[in-house]
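The structure under discussion appears below in the form of structure tokens.
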Amino acid sequence: KQEVTQIPAALSVPEGENLVLNCSFTDSAIYNLQWFRQDPGKGLTSLLLIQSSQREQTSGRLNASLDKSSGRSTLYIAASQPGDSATYLCAPRDYTGNQFYFGTGTSLTVIP
Amino acid sequence: DTEVTQTPKHLVMGMTNKKSLKCEQHMGHRAMYWYKQKAKKPPELMFVYSYEKLSINESVPSRFSPECPNSSLLNLHLHALQPEDSALYLCASSSPGQGNTEAFFGQGTRLTVV
């Protein structure tokens with residue numbers, strides 16, 4: 001079964017900083033990887049989907065990279081804002097495309 | 001429209017009650033999922049339906065019974081639950097298999113078992 005780890009578990013930064021969230025997974029035979037954010041007590045919001053054949057995917061201030069062979073993905077957030085405060089979760093999808101498992105999450109706090 | 005709608009938003013039930021959670025999407029997705037999330041933990045996969053057929057059951061106790069009556073609806077029937085089943089239950093949908101499999105989640109049902 002896929003094991004997904006995210007580092008750091010928690011992060012607190014002042015507004016305006018650029019930051020990197022890390023995701024590692026044990027089974028590199030993935031179809032794609034999706035990043036989500038979750039506000040407390042709420043559902044998950046999709047941020048980026050990066051296919052296994054891609055190296056990077058960008059959306060606004062967010063940039064996700066994927067190194068499938070080494071089992072790693074990073075989410076880069078530029079010029080962080082207080083509204084970015086949330087838990088960020090990565091979810092690699094298995095090679096059949098039928099299921100995905102979540103990482104342990106990074107809780108981000110951006111201080112005004 | 002990328003909306004997945006879950007009802008109810010909150011549910012309190014006794015251990016002898018029977019209740020159901022409902023999930024609906026109109027994106028034409030043929031894969032639907034139930035996840036369970038405890039506080040400060042990531043979501044845990046429970047069930048996957050692909051083309052209205054149960055394809056994955058992650059060894060979930062039989063007191064949880066999923067149902068997919070059509071391609072837009074997913075239900076989770078609850079019976080004789082335990083207090084430790086209290087959690088946020090999340091529904092998701094995506095296209096199954098290959099292609100664009102971006103998943104979308106509902107806002108969840110907060111379940112409390114008393």
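Identifiers for the structure tokens are assigned positionally: chains receive A, B, ... in sequence, residues are indexed from 1 per chain, and ligands are indexed from 1 in the order shown.
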
Using only C-alpha atoms, what table do you get, as CSV, when you list each residue of chain B with an atom no more than 12 Å from chain A, its nearest pair of atoms, and their distance in Å rounded to one decimal, rows by chain then rising number?
```
residue,atom,partner,partner_atom,distance
B:Thr2,CA,A:Ser46,CA,10.1
B:Glu3,CA,A:Thr45,CA,10.5
B:Val4,CA,A:Gly43,CA,10.0
B:Thr5,CA,A:Gly43,CA,10.6
B:Gln6,CA,A:Gly43,CA,10.1
B:Lys9,CA,A:Lys42,CA,10.1
B:His10,CA,A:Gly41,CA,11.2
B:Arg30,CA,A:Asn98,CA,10.7
B:Ala31,CA,A:Asn98,CA,7.8
B:Met32,CA,A:Asn98,CA,9.8
B:Tyr33,CA,A:Gln99,CA,8.7
B:Trp34,CA,A:Gln99,CA,11.0
B:Tyr35,CA,A:Tyr101,CA,10.0
B:Lys36,CA,A:Gly43,CA,11.3
B:Gln37,CA,A:Gly41,CA,9.9
B:Lys38,CA,A:Gly41,CA,10.2
B:Ala39,CA,A:Gly41,CA,8.6
B:Lys40,CA,A:Gly105,CA,9.0
B:Lys41,CA,A:Thr104,CA,6.9
B:Pro42,CA,A:Thr104,CA,5.6
B:Pro43,CA,A:Phe102,CA,6.5
B:Glu44,CA,A:Tyr101,CA,7.3
B:Leu45,CA,A:Tyr101,CA,7.0
B:Met46,CA,A:Gln99,CA,10.6
B:Phe47,CA,A:Gln99,CA,9.5
B:Val48,CA,A:Gln99,CA,7.4
B:Tyr49,CA,A:Asn98,CA,9.1
B:Ser50,CA,A:Asn98,CA,7.9
B:Tyr51,CA,A:Asn98,CA,11.2
B:Leu54,CA,A:Asn98,CA,11.4
B:Ser55,CA,A:Asn98,CA,8.6
B:Ile56,CA,A:Gln99,CA,8.4
B:Asn57,CA,A:Gln99,CA,11.0
B:Glu58,CA,A:Gln99,CA,11.0
B:Ala87,CA,A:Gly41,CA,10.2
B:Leu88,CA,A:Gly41,CA,7.8
B:Tyr89,CA,A:Gly43,CA,9.2
B:Leu90,CA,A:Gly43,CA,6.9
B:Cys91,CA,A:Gly43,CA,8.9
B:Ala92,CA,A:Leu44,CA,9.2
B:Ser93,CA,A:Gln99,CA,10.8
B:Ser94,CA,A:Asn98,CA,9.2
B:Ser95,CA,A:Asn98,CA,8.8
B:Pro96,CA,A:Asn98,CA,5.8
B:Gly97,CA,A:Gly97,CA,4.2
B:Gln98,CA,A:Gly97,CA,5.7
B:Gly99,CA,A:Gly97,CA,8.5
B:Asn100,CA,A:Gln51,CA,8.8
B:Thr101,CA,A:Gly97,CA,7.2
B:Glu102,CA,A:Leu49,CA,6.4
B:Ala103,CA,A:Ser46,CA,7.3
B:Phe104,CA,A:Ser46,CA,6.5
B:Phe105,CA,A:Leu44,CA,5.6
B:Gly106,CA,A:Gly43,CA,5.7
B:Gln107,CA,A:Gly43,CA,3.9
B:Gly108,CA,A:Gly43,CA,5.6
B:Thr109,CA,A:Gly43,CA,9.2
B:Arg110,CA,A:Gly41,CA,8.3
B:Leu111,CA,A:Gly41,CA,11.7
```

Near Ser70 in chain A, counting only C-alpha atoms, which residues have an atom at most 12 Å away, once you skip same-chain residues fewer than 5 positions from it, shown as a PDB file with N, CA and C atoms, in the first residue's frame?
```pdb
ATOM      1  N   CYS A  23       6.480  16.414  -0.309  1.00  0.00           N
ATOM      2  CA  CYS A  23       5.658  15.208  -0.286  1.00  0.00           C
ATOM      3  C   CYS A  23       6.515  14.066  -0.829  1.00  0.00           C
ATOM      4  N   SER A  24       6.569  12.947  -0.092  1.00  0.00           N
ATOM      5  CA  SER A  24       7.294  11.777  -0.589  1.00  0.00           C
ATOM      6  C   SER A  24       6.392  10.556  -0.519  1.00  0.00           C
ATOM      7  N   PHE A  25       6.552   9.661  -1.477  1.00  0.00           N
ATOM      8  CA  PHE A  25       5.699   8.482  -1.550  1.00  0.00           C
ATOM      9  C   PHE A  25       6.552   7.265  -1.870  1.00  0.00           C
ATOM     10  N   THR A  26       6.112   6.106  -1.392  1.00  0.00           N
ATOM     11  CA  THR A  26       6.949   4.906  -1.446  1.00  0.00           C
ATOM     12  C   THR A  26       6.842   4.148  -2.769  1.00  0.00           C
ATOM     13  N   ASP A  27       5.701   4.198  -3.424  1.00  0.00           N
ATOM     14  CA  ASP A  27       5.498   3.475  -4.668  1.00  0.00           C
ATOM     15  C   ASP A  27       5.517   4.473  -5.816  1.00  0.00           C
ATOM     16  N   SER A  28       6.551   4.396  -6.657  1.00  0.00           N
ATOM     17  CA  SER A  28       6.713   5.389  -7.732  1.00  0.00           C
ATOM     18  C   SER A  28       5.831   5.087  -8.951  1.00  0.00           C
ATOM     19  N   ALA A  29       5.128   3.968  -8.932  1.00  0.00           N
ATOM     20  CA  ALA A  29       4.256   3.609 -10.060  1.00  0.00           C
ATOM     21  C   ALA A  29       2.928   4.343  -9.948  1.00  0.00           C
ATOM     22  N   ILE A  30       2.991   5.657 -10.080  1.00  0.00           N
ATOM     23  CA  ILE A  30       1.777   6.464  -9.946  1.00  0.00           C
ATOM     24  C   ILE A  30       1.323   6.962 -11.299  1.00  0.00           C
TER      25      ILE A  30
END
```

### Task
Find the residues near Glu17 in chain A: any atom within 8 Å, counting only C-alpha atoms, skip ones fewer than 3 places away on the same chain, and give them as number ranges by chain.
A: 13-14, 78-80

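Once Thr112 in chain B and its same-chain neighbours fewer than 3 positions away are set aside, Leu11, Val12, Met13, Pro83, Asp85, Ser86 and Ala87 of chain B remain within 8 Å of it when counting only C-alpha atoms.
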
### Message
I'd like the interatomic distance between CA of Pro92 in chain A and CA of Leu21 in chain A, to a tenth of an Å.
### Response
14.9 Å

### Query
chain A: which residues are strand (DSSP E) by DSSP, as a ChimeraX atom specification?
/A:4-7,10-14,19-25,30-38,44-51,56-59,62-67,72-77,86-94,106-111

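Going from CA of Ser59 in chain B over to CA of Glu84 in chain B, you cover 16.2 Å.
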
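Considering only C-alpha atoms, the residue among A:Leu108, A:Ala86, A:Ile7, A:Val20 positioned nearest to Ala64 in chain A is A:Val20.
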
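Counting only C-alpha atoms and comparing A:Ile77, A:Arg72, A:Pro8, A:Asn18, the residue that lies closest to Gly60 in chain A is A:Ile77.
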
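For the atom pair formed by CA of Ser52 in chain A and CA of Gly71 in chain A, the distance is 10.8 Å, given to one decimal.
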